[in-house]
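Below is one structure, written out as structure tokens, with a few remarks after it.
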Amino acid sequence: MNAISKPAMSLVDAIFQRRSVRGFLPKTVPEETMRNVFEQAQQAPSNCNTQPWYVVVASGDLRNSLRDQFIGRAMAGAPSEPDFSYVSKFEGVYRGRQVDCAAALYGEMEIARDDKVGRSRAALRNFEFFDAPHVAFLCMDRSFGATIAVDVGIYAQTLMLAMTAQGISSCAMGSLRSHPDLVRDAFGLAENIGVVFGICFGYEDPEIKANNTRTSRVPLSETAIFKDR
């Protein structure tokens, strides 16, 4: 096990400072630092300690090759073929929160609601990995369902908090589940390994307008109930 490096901030600070970054500098994360944060994420809890996550990380030429392939699929209008089903349409309060998030993001990028070209370009940025020098694909056995996917989500949050504490920015991306065959081919993964989602990471580029986006959280009273009888 690698020596645990001293974090740059407390856990509470990392929780409140972590956010989705959509523009990165070309500076790479040192290998020792990268391995350290992934080692820390390995401490995440899971059902019966099964540790069902399987993670592959692309950097350098492999990252560039995957980016080009994802972009090629997107430009060709290839349909998304994810390994796992997911909700693509939100309704009610969830739709409202989704719209608010989009308004904040596109507002910072100065892309109008009717600017189809601008919005298409913004969507393509997902497959450019937002210029992040590293991209992780979080996977699990394709026989697993939603219950086990929860464990992968817990792992992901642990990983991103560990990154934040070391000054590393990240963005969890559902869009990177779109073409799992590209990931399996790149890493020589068995067919039973499915891609749940991806996380781009590196160091934030403060000049990118999208990185000025800030979202709010609803009051605790809307999401939690506390009772003692």
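We name chains A, B, ... following the order of the structure tokens; residues begin at 1 in each chain, and ligands are numbered from 1 as shown.
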Identify, with DSSP run on backbone atoms, the residues in chain A assigned to strand (DSSP E), and express the list as number ranges by chain. A: 54-59, 134-141, 169-173, 193-202
Could you list, as a ChimeraX atom specification, every residue within 6 Å of range 104-118 of chain A, counting only C-alpha atoms and ignoring same-chain residues fewer than 4 positions away? /A:209-210,213
I need the residues in range 44-209 of chain A that are alpha helix (DSSP H) according to DSSP; give them as a PyMOL selection string. chain A and resi 60-75+92-108+116-127+146-165+180-187
Need the shell around Ala186 in chain A: protein/DNA/RNA residues with any atom at most 10 Å away, counting only C-alpha atoms. Skip same-chain ones fewer than 6 positions apart. Format as a PyMOL selection string? chain A and resi 56+58+62-63+65-66+180
Got time to write the residues from that selection, all heavy atoms, as an mmCIF file, in the first residue's frame?
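Dumped to selection.cif:
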data_model
loop_
_atom_site.group_PDB
_atom_site.id
_atom_site.type_symbol
_atom_site.label_atom_id
_atom_site.label_comp_id
_atom_site.auth_asym_id
_atom_site.auth_seq_id
_atom_site.Cartn_x
_atom_site.Cartn_y
_atom_site.Cartn_z
ATOM 1 N N VAL A 56 -10.800 1.333 -14.742
ATOM 2 C CA VAL A 56 -9.709 1.449 -15.713
ATOM 3 C C VAL A 56 -9.477 2.932 -15.975
ATOM 4 O O VAL A 56 -10.425 3.712 -16.072
ATOM 5 C CB VAL A 56 -10.037 0.698 -17.022
ATOM 6 C CG1 VAL A 56 -10.096 -0.803 -16.771
ATOM 7 C CG2 VAL A 56 -11.352 1.164 -17.633
ATOM 8 N N ALA A 58 -7.442 5.833 -18.299
ATOM 9 C CA ALA A 58 -6.714 6.115 -19.535
ATOM 10 C C ALA A 58 -6.014 7.470 -19.449
ATOM 11 O O ALA A 58 -6.610 8.465 -19.043
ATOM 12 C CB ALA A 58 -7.663 6.101 -20.726
ATOM 13 N N LEU A 62 -3.479 6.589 -24.998
ATOM 14 C CA LEU A 62 -4.716 5.825 -24.913
ATOM 15 C C LEU A 62 -5.899 6.744 -24.670
ATOM 16 O O LEU A 62 -6.967 6.581 -25.274
ATOM 17 C CB LEU A 62 -4.632 4.777 -23.801
ATOM 18 C CG LEU A 62 -5.871 3.878 -23.656
ATOM 19 C CD1 LEU A 62 -6.160 3.142 -24.968
ATOM 20 C CD2 LEU A 62 -5.699 2.898 -22.510
ATOM 21 N N ARG A 63 -5.710 7.715 -23.821
ATOM 22 C CA ARG A 63 -6.771 8.711 -23.578
ATOM 23 C C ARG A 63 -7.113 9.426 -24.867
ATOM 24 O O ARG A 63 -8.282 9.637 -25.204
ATOM 25 C CB ARG A 63 -6.308 9.677 -22.493
ATOM 26 C CG ARG A 63 -7.213 10.894 -22.279
ATOM 27 C CD ARG A 63 -6.664 12.070 -23.072
ATOM 28 N NE ARG A 63 -7.363 13.306 -22.790
ATOM 29 C CZ ARG A 63 -7.340 14.361 -23.582
ATOM 30 N NH1 ARG A 63 -6.664 14.320 -24.727
ATOM 31 N NH2 ARG A 63 -7.977 15.454 -23.256
ATOM 32 N N SER A 65 -6.689 8.371 -27.958
ATOM 33 C CA SER A 65 -7.350 7.454 -28.881
ATOM 34 C C SER A 65 -8.816 7.273 -28.515
ATOM 35 O O SER A 65 -9.694 7.300 -29.397
ATOM 36 C CB SER A 65 -6.633 6.096 -28.856
ATOM 37 O OG SER A 65 -7.308 5.150 -29.661
ATOM 38 N N LEU A 66 -9.106 7.100 -27.231
ATOM 39 C CA LEU A 66 -10.493 6.959 -26.798
ATOM 40 C C LEU A 66 -11.293 8.224 -27.082
ATOM 41 O O LEU A 66 -12.433 8.158 -27.544
ATOM 42 C CB LEU A 66 -10.542 6.629 -25.304
ATOM 43 C CG LEU A 66 -10.317 5.167 -24.938
ATOM 44 C CD1 LEU A 66 -10.094 5.012 -23.445
ATOM 45 C CD2 LEU A 66 -11.498 4.311 -25.391
ATOM 46 N N PRO A 180 -19.582 1.459 -24.472
ATOM 47 C CA PRO A 180 -18.719 0.625 -23.637
ATOM 48 C C PRO A 180 -17.799 -0.304 -24.419
ATOM 49 O O PRO A 180 -16.753 -0.718 -23.907
ATOM 50 C CB PRO A 180 -19.717 -0.165 -22.785
ATOM 51 C CG PRO A 180 -20.982 -0.183 -23.600
ATOM 52 C CD PRO A 180 -21.012 1.156 -24.267
#
If we count only C-alpha atoms and set the cut-off at 8 Å, which residues sit around Val135 in chain A, ignoring sequence neighbours fewer than 5 positions away in its own chain? Please answer as a ChimeraX atom specification. /A:57-59,63,129,198-201
Suppose we keep C-alpha atoms; can you now write the selection as a PDB file, in the first residue's frame?
ATOM      1  CA  VAL A  57      -7.861   4.736 -16.189  1.00  0.00           C
ATOM      2  CA  ALA A  58      -6.714   6.115 -19.535  1.00  0.00           C
ATOM      3  CA  SER A  59      -3.956   8.717 -19.889  1.00  0.00           C
ATOM      4  CA  ARG A  63      -6.771   8.711 -23.578  1.00  0.00           C
ATOM      5  CA  PHE A 129     -13.356  14.659 -21.898  1.00  0.00           C
ATOM      6  CA  GLY A 198     -16.848   7.713 -16.344  1.00  0.00           C
ATOM      7  CA  ILE A 199     -14.935  10.330 -14.380  1.00  0.00           C
ATOM      8  CA  CYS A 200     -12.636  12.842 -16.062  1.00  0.00           C
ATOM      9  CA  PHE A 201      -9.999  14.327 -13.797  1.00  0.00           C
TER      10      PHE A 201
END
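Here CA of Ala44 in chain A is placed at a distance of 8.2 Å from CA of Asp151 in chain A.
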Would you kindly return, as a PyMOL selection string, each protein, DNA or RNA residue with an atom no farther than 6 Å from any atom of Ala165 in chain A, considering only C-alpha atoms and excluding same-chain residues fewer than 2 positions away? chain A and resi 7-9+14+162-163+167
Shortest interatomic distance to Arg184 in chain A - which of A:Arg119, A:Tyr203, A:Phe137, A:Ala78, counting only C-alpha atoms: A:Phe137
